[in-house]
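K.L.:
I'd like to ask some things about the structure below.
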Amino acid sequence: MSATYNDKLPTLFSRLGYQLLMNDLCLWCVSAVTAIVGLNTVWRLAIEHERMRKEELTDEDRAFAWRLVIFIIFPLVNLIDLRATTVVCEMMGGYLKQWSYGLLWYHAVPAGLTSPHLVIPVLFAGSLATTVFALSLVPALWFRPHPFLATLIGYSAAFVLGLNLIADPVLSIVGLGGLRWQIAYFAGDRQQFVPLLVVHVVGAAVFVLLMRSSHVKMWFAALTRPHATAQLREALYSLESSPYSARLVCLVGILYERAGMRGQARMQLARMKAEFPYSPYHHFLQAIVSYSRRNYKAAQKSFVFTSDYPYIIGELKASLLAAAACSAFADNDVISALNLCERALEFDDACVVARMVKVDVFLRTGKKEQAGDELLTAMHMGLNLELEDKIPVDLERAYNLLVALEESKGRRHILQSTNKFSS
C-alpha cells in the first residue's frame, strides 16, 4: 500500500508542478504585503488603543477589527493549521515532502505514509484543528465581553469557519491558496473524498444559514453595539404595538443601520418605498442606506431631495445639505460639495459638518490658507469639531428634527404638501 501512494507522488508533482511554482511566487509576494500591513496594524493598535475601550463601535472600529483578524490573528491560526498537519503526518509515519508557509495560506505534500487512506486525514487535520478552535471561541460570547473584544472573537470565528468550509475548497479547486483539495482528489482515497465533500457542503450550508439569521445578527449586534440594539428592540416593539406609520418604519431602518444590520435596513427601506413613497422619511432613509452602501451619487440626490420638502428649513435643511455635500465629497465631486456647503451655511451658520467638509474641499484643491481660515472661523464660533457619529449626518438629531417638524405642522398637512411636491 505504501508503494501505491508513494508511486503517485511523481505524477502528482508533474500534475501540480506549475501550480506549486506559481503558488510559491504568489505566496511570498502576498506574505510580504501581509507582513507590512500586519506591522502597520500593530502600530495603529498601539496608538489607537482607545478603540478597545469604546462602548459603541463605529464602522471604522469594526473595519479595524477585521484588519486585526485578517493580518494578525489569521496568520497565527494558519500556523496552527500547518503545525497540526505536520504533527499528524509524523504520527502516521510520514513526513512533509514539500511545504511552504506564507502567513495567509500554506501548502504541504505528505509523503512516506503507510496507506493512501491516511492522506485525507493528514491533509485535513489542520483544518479540523482550526475549526475546533473557532468553535471554541463562540462560548466566550455568552459571557458578554467588551464590545471590541466580542467583535474580535465573533469576526475571528466567522472568518476561520467561512474559510475552512467555503473559501478554502473553492480556492483550492481553482488553484489558488492551499492545494490540499487537489492533492486529496488526485492522491487520496476516493471512498473518503465523497464523505469529506458532503461534510463540507452541509457545514457550509449551516454556516450560511446562521450568518443570515436575523436572530444571530441581533444577538451579535447586542454584543457589539448594545445601546443601538436596545433602542432597536424598543422601536420594533413600538412598530408592532403602535399604529403603523412612516415615522416608526424609518426609525427602525435607521436603528438597523446603526446596529450594523444593513440587510434589515434595506428591507425597511423597501417597505417605505412600497407604502410611503411620498414621505420625507422614505427619502431620508434612502439617503442613509445609499451612503452606507457607498452609493454616494444616490445618497447626495436623496439628501437634496429630502431637504427640498416644504417646511424643511433651518438646522434640519442645513444638516441635509451638509450630508449631501459630504456625499459629493466622498464621490470626488469637490465643486458640488463646496456649493452644497455654502447652501447649508445659508440656513445654519453653525453647521459643523458643512464647515468641516469645506475644510476638506479646500485641502483637496490645495487652498490651505482658505482651509485654515475656515477652521479658525469654526473654532471662534465655539463649534465642537468632533465629527464621530455625525458623518454624513447626525442621525438622531436629524430624525428628531424631522419628527418635531411633523408634529408642529401636523402630519396631514405635510402629507398633502408632499403629495403635491412629488407630483
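Note on naming: chains are A, B, ... as they come in the C-alpha cells, residues start from 1 per chain, ligands start from 1 in the order shown.
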Name the residues of range 127-162 of chain A that come out as alpha helix (DSSP H) in a backbone DSSP run; write them as a PyMOL selection string.
P.N.:
chain A and resi 127-137+147-162
K.L.:
With only C-alpha atoms as the counted atoms, please give the residues lying no more than 8 Å from range 201-213 of chain A, apart from itself and same-chain residues fewer than 6 positions off, as JSON, numbers by chain.
P.N.:
{"A": [161, 162, 165, 166]}
K.L.:
Hey, can you spit out that residue selection with N, CA, C and O atoms as a tab-separated table (two decimals), in the first residue's frame?
P.N.:
```
chain	number	residue	atom	x	y	z
A	161	LEU	N	-14.21	29.80	10.13
A	161	LEU	CA	-15.20	28.83	9.67
A	161	LEU	C	-15.55	29.05	8.21
A	161	LEU	O	-15.67	28.09	7.43
A	162	GLY	N	-15.74	30.29	7.82
A	162	GLY	CA	-16.04	30.58	6.42
A	162	GLY	C	-14.92	30.18	5.49
A	162	GLY	O	-15.15	29.67	4.39
A	165	LEU	N	-14.76	26.14	5.45
A	165	LEU	CA	-15.92	25.47	4.87
A	165	LEU	C	-16.24	25.90	3.45
A	165	LEU	O	-16.80	25.11	2.68
A	166	ILE	N	-15.90	27.14	3.10
A	166	ILE	CA	-16.32	27.66	1.79
A	166	ILE	C	-15.12	28.12	0.95
A	166	ILE	O	-14.91	27.62	-0.16
```
K.L.:
With only C-alpha atoms as the counted atoms, please give the residues lying no more than 8 Å from Leu76 in chain A, apart from itself and same-chain residues fewer than 4 positions off, as a PDB file with N, CA and C atoms, in the first residue's frame.
P.N.:
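Below is the file around07.pdb, written as the result:
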```pdb
ATOM      1  N   ILE A  72      -3.389  39.731  11.673  1.00  0.00           N
ATOM      2  CA  ILE A  72      -2.693  39.375  12.911  1.00  0.00           C
ATOM      3  C   ILE A  72      -3.134  37.998  13.412  1.00  0.00           C
ATOM      4  N   ILE A  80      -1.099  27.339  13.185  1.00  0.00           N
ATOM      5  CA  ILE A  80      -1.648  26.197  13.922  1.00  0.00           C
ATOM      6  C   ILE A  80      -2.081  25.104  12.948  1.00  0.00           C
ATOM      7  N   LEU A 103       1.875  33.052   5.758  1.00  0.00           N
ATOM      8  CA  LEU A 103       1.014  33.902   6.582  1.00  0.00           C
ATOM      9  C   LEU A 103      -0.462  33.688   6.294  1.00  0.00           C
TER      10      LEU A 103
END
```
K.L.:
What is the distance, in Å and to one decimal place, between CA of Leu123 in chain A and CA of Val170 in chain A?
P.N.:
16.0 Å
K.L.:
As a short mmCIF file (atom, residue, chain, number, x, y, z; two decimals) with N, CA, C and O atoms, in the first residue's frame, please: the residues near Thr41 in chain A (cut-off 8 Å, only C-alpha atoms, same-chain neighbours under 3 positions excluded).
P.N.:
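result-v1.cif written:
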```
data_model
loop_
_atom_site.label_atom_id
_atom_site.label_comp_id
_atom_site.auth_asym_id
_atom_site.auth_seq_id
_atom_site.Cartn_x
_atom_site.Cartn_y
_atom_site.Cartn_z
N VAL A 37 1.37 45.16 6.15
CA VAL A 37 0.07 45.59 6.67
C VAL A 37 -0.09 45.16 8.12
O VAL A 37 -0.65 45.90 8.95
N GLY A 38 0.42 43.97 8.45
CA GLY A 38 0.33 43.49 9.83
C GLY A 38 1.10 44.38 10.79
O GLY A 38 0.62 44.70 11.88
N ARG A 44 -0.90 50.82 14.62
CA ARG A 44 -2.14 51.54 14.83
C ARG A 44 -2.84 51.10 16.11
O ARG A 44 -3.45 51.92 16.80
N LEU A 45 -2.75 49.82 16.42
CA LEU A 45 -3.36 49.33 17.66
C LEU A 45 -2.70 49.96 18.87
O LEU A 45 -3.35 50.27 19.87
N ARG A 67 -9.20 44.09 10.24
CA ARG A 67 -7.76 44.11 9.94
C ARG A 67 -6.99 43.27 10.94
O ARG A 67 -6.06 42.53 10.58
N LEU A 68 -7.36 43.38 12.20
CA LEU A 68 -6.70 42.57 13.22
C LEU A 68 -6.91 41.08 12.96
O LEU A 68 -5.98 40.27 13.11
N PHE A 71 -4.93 40.12 9.40
CA PHE A 71 -3.48 40.28 9.29
C PHE A 71 -2.71 39.95 10.56
O PHE A 71 -1.48 39.89 10.52
N ILE A 72 -3.39 39.73 11.67
CA ILE A 72 -2.69 39.37 12.91
C ILE A 72 -3.13 38.00 13.41
O ILE A 72 -2.31 37.11 13.63
#
```
K.L.:
Can you pull out the residues contacting Asn164 in chain A? Cut-off 10 Å, using only C-alpha atoms, and skip same-chain residues under 4 positions away; I want them as a ChimeraX atom specification.
P.N.:
/A:124,126-128,130-131,159-160,168-170,200,203-204
K.L.:
Got time to write the residues from that selection, N, CA, C and O atoms, as a CSV table (one decimal), in the first residue's frame?
P.N.:
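Result went into selection34.csv, see below:
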```csv
chain,number,residue,atom,x,y,z
A,124,PHE,N,-6.3,17.2,6.2
A,124,PHE,CA,-7.4,18.0,6.8
A,124,PHE,C,-7.3,18.0,8.3
A,124,PHE,O,-8.2,18.5,9.0
A,126,GLY,N,-5.2,19.8,10.1
A,126,GLY,CA,-5.1,21.3,10.4
A,126,GLY,C,-6.4,22.0,10.3
A,126,GLY,O,-6.7,22.8,11.1
A,127,SER,N,-7.1,21.7,9.2
A,127,SER,CA,-8.4,22.3,9.0
A,127,SER,C,-9.4,22.0,10.2
A,127,SER,O,-10.1,22.8,10.7
A,128,LEU,N,-9.3,20.7,10.6
A,128,LEU,CA,-10.2,20.3,11.7
A,128,LEU,C,-9.7,21.0,13.0
A,128,LEU,O,-10.6,21.4,13.8
A,130,THR,N,-8.3,24.0,13.4
A,130,THR,CA,-8.7,25.4,13.4
A,130,THR,C,-10.2,25.5,13.5
A,130,THR,O,-10.7,26.5,14.0
A,131,THR,N,-10.9,24.6,12.9
A,131,THR,CA,-12.4,24.6,13.0
A,131,THR,C,-12.8,24.5,14.5
A,131,THR,O,-13.7,25.2,15.0
A,159,PHE,N,-14.6,34.2,10.4
A,159,PHE,CA,-13.7,34.2,9.3
A,159,PHE,C,-13.0,32.8,9.1
A,159,PHE,O,-12.9,32.3,8.0
A,160,VAL,N,-12.6,32.2,10.2
A,160,VAL,CA,-12.0,30.9,10.1
A,160,VAL,C,-13.0,29.8,9.6
A,160,VAL,O,-12.6,29.0,8.7
A,168,ASP,N,-11.7,27.9,1.3
A,168,ASP,CA,-10.6,27.0,1.0
A,168,ASP,C,-10.9,26.0,-0.1
A,168,ASP,O,-10.1,25.8,-1.0
A,169,PRO,N,-12.1,25.3,0.0
A,169,PRO,CA,-12.4,24.4,-1.1
A,169,PRO,C,-12.4,25.0,-2.5
A,169,PRO,O,-11.9,24.5,-3.4
A,170,VAL,N,-13.1,26.2,-2.5
A,170,VAL,CA,-13.2,26.9,-3.8
A,170,VAL,C,-11.9,27.4,-4.3
A,170,VAL,O,-11.5,27.1,-5.5
A,200,HIS,N,-18.4,19.0,4.1
A,200,HIS,CA,-18.1,20.4,3.9
A,200,HIS,C,-19.3,21.2,3.3
A,200,HIS,O,-19.6,22.3,3.7
A,203,GLY,N,-21.8,21.6,6.2
A,203,GLY,CA,-21.3,22.6,7.1
A,203,GLY,C,-21.4,24.0,6.5
A,203,GLY,O,-21.7,24.9,7.3
A,204,ALA,N,-21.1,24.1,5.2
A,204,ALA,CA,-21.2,25.4,4.6
A,204,ALA,C,-22.6,25.9,4.6
A,204,ALA,O,-22.9,27.1,4.8
```
K.L.:
Name all residues at most 12 Å from Gly382 in chain A (count only C-alpha atoms; drop same-chain ones fewer than 5 positions away) and give them as a PyMOL selection string.
P.N.:
chain A and resi 349-352+375-377
K.L.:
Put those residues in a file: all heavy atoms, as a PDB file, in the first residue's frame.
P.N.:
```
ATOM      1  N   ASP A 349     -25.506  78.781  10.104  1.00  0.00           N
ATOM      2  CA  ASP A 349     -24.100  79.171  10.060  1.00  0.00           C
ATOM      3  C   ASP A 349     -23.245  78.304  10.981  1.00  0.00           C
ATOM      4  O   ASP A 349     -22.028  78.263  10.836  1.00  0.00           O
ATOM      5  CB  ASP A 349     -23.956  80.641  10.468  1.00  0.00           C
ATOM      6  CG  ASP A 349     -22.609  81.218  10.075  1.00  0.00           C
ATOM      7  OD1 ASP A 349     -22.204  81.020   8.899  1.00  0.00           O
ATOM      8  OD2 ASP A 349     -21.953  81.834  10.932  1.00  0.00           O
ATOM      9  N   ALA A 350     -23.866  77.598  11.917  1.00  0.00           N
ATOM     10  CA  ALA A 350     -23.121  76.780  12.873  1.00  0.00           C
ATOM     11  C   ALA A 350     -23.134  75.303  12.490  1.00  0.00           C
ATOM     12  O   ALA A 350     -22.887  74.445  13.349  1.00  0.00           O
ATOM     13  CB  ALA A 350     -23.696  76.950  14.276  1.00  0.00           C
ATOM     14  N   CYS A 351     -23.408  74.983  11.242  1.00  0.00           N
ATOM     15  CA  CYS A 351     -23.417  73.592  10.794  1.00  0.00           C
ATOM     16  C   CYS A 351     -21.974  73.102  10.686  1.00  0.00           C
ATOM     17  O   CYS A 351     -21.258  73.417   9.729  1.00  0.00           O
ATOM     18  CB  CYS A 351     -24.126  73.464   9.448  1.00  0.00           C
ATOM     19  SG  CYS A 351     -24.253  71.773   8.854  1.00  0.00           S
ATOM     20  N   VAL A 352     -21.549  72.312  11.664  1.00  0.00           N
ATOM     21  CA  VAL A 352     -20.143  71.916  11.747  1.00  0.00           C
ATOM     22  C   VAL A 352     -19.752  70.969  10.618  1.00  0.00           C
ATOM     23  O   VAL A 352     -18.621  71.030  10.117  1.00  0.00           O
ATOM     24  CB  VAL A 352     -19.856  71.275  13.128  1.00  0.00           C
ATOM     25  CG1 VAL A 352     -20.646  69.992  13.309  1.00  0.00           C
ATOM     26  CG2 VAL A 352     -18.376  71.019  13.314  1.00  0.00           C
ATOM     27  N   LEU A 375     -11.268  76.846   9.335  1.00  0.00           N
ATOM     28  CA  LEU A 375     -11.097  76.140  10.600  1.00  0.00           C
ATOM     29  C   LEU A 375     -11.068  77.112  11.772  1.00  0.00           C
ATOM     30  O   LEU A 375     -11.669  76.859  12.830  1.00  0.00           O
ATOM     31  CB  LEU A 375      -9.805  75.318  10.554  1.00  0.00           C
ATOM     32  CG  LEU A 375      -9.591  74.308  11.675  1.00  0.00           C
ATOM     33  CD1 LEU A 375     -10.724  73.300  11.698  1.00  0.00           C
ATOM     34  CD2 LEU A 375      -8.257  73.606  11.499  1.00  0.00           C
ATOM     35  N   LEU A 376     -10.402  78.247  11.581  1.00  0.00           N
ATOM     36  CA  LEU A 376     -10.376  79.268  12.634  1.00  0.00           C
ATOM     37  C   LEU A 376     -11.764  79.842  12.887  1.00  0.00           C
ATOM     38  O   LEU A 376     -12.142  80.112  14.037  1.00  0.00           O
ATOM     39  CB  LEU A 376      -9.400  80.382  12.251  1.00  0.00           C
ATOM     40  CG  LEU A 376      -7.908  80.041  12.335  1.00  0.00           C
ATOM     41  CD1 LEU A 376      -7.068  81.181  11.784  1.00  0.00           C
ATOM     42  CD2 LEU A 376      -7.514  79.728  13.775  1.00  0.00           C
ATOM     43  N   THR A 377     -12.529  80.021  11.826  1.00  0.00           N
ATOM     44  CA  THR A 377     -13.900  80.518  11.980  1.00  0.00           C
ATOM     45  C   THR A 377     -14.733  79.561  12.823  1.00  0.00           C
ATOM     46  O   THR A 377     -15.481  79.982  13.717  1.00  0.00           O
ATOM     47  CB  THR A 377     -14.549  80.701  10.603  1.00  0.00           C
ATOM     48  OG1 THR A 377     -13.784  81.646   9.832  1.00  0.00           O
ATOM     49  CG2 THR A 377     -15.970  81.204  10.740  1.00  0.00           C
TER      50      THR A 377
END
```
K.L.:
Given only C-alpha atoms as the basis, pick out the residue of A:Gln264, A:Thr224, A:Asn400, A:Ser307 nearest to Pro147 in chain A.
P.N.:
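Between A:Gln264, A:Thr224, A:Asn400, A:Ser307, the residue approaching Pro147 in chain A most closely is A:Thr224.
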K.L.:
Considering only C-alpha atoms, can you say which of A:Ser115, A:Ser31, A:Ser156, A:Thr229 comes closest to Ala187 in chain A?
P.N.:
A:Ser115
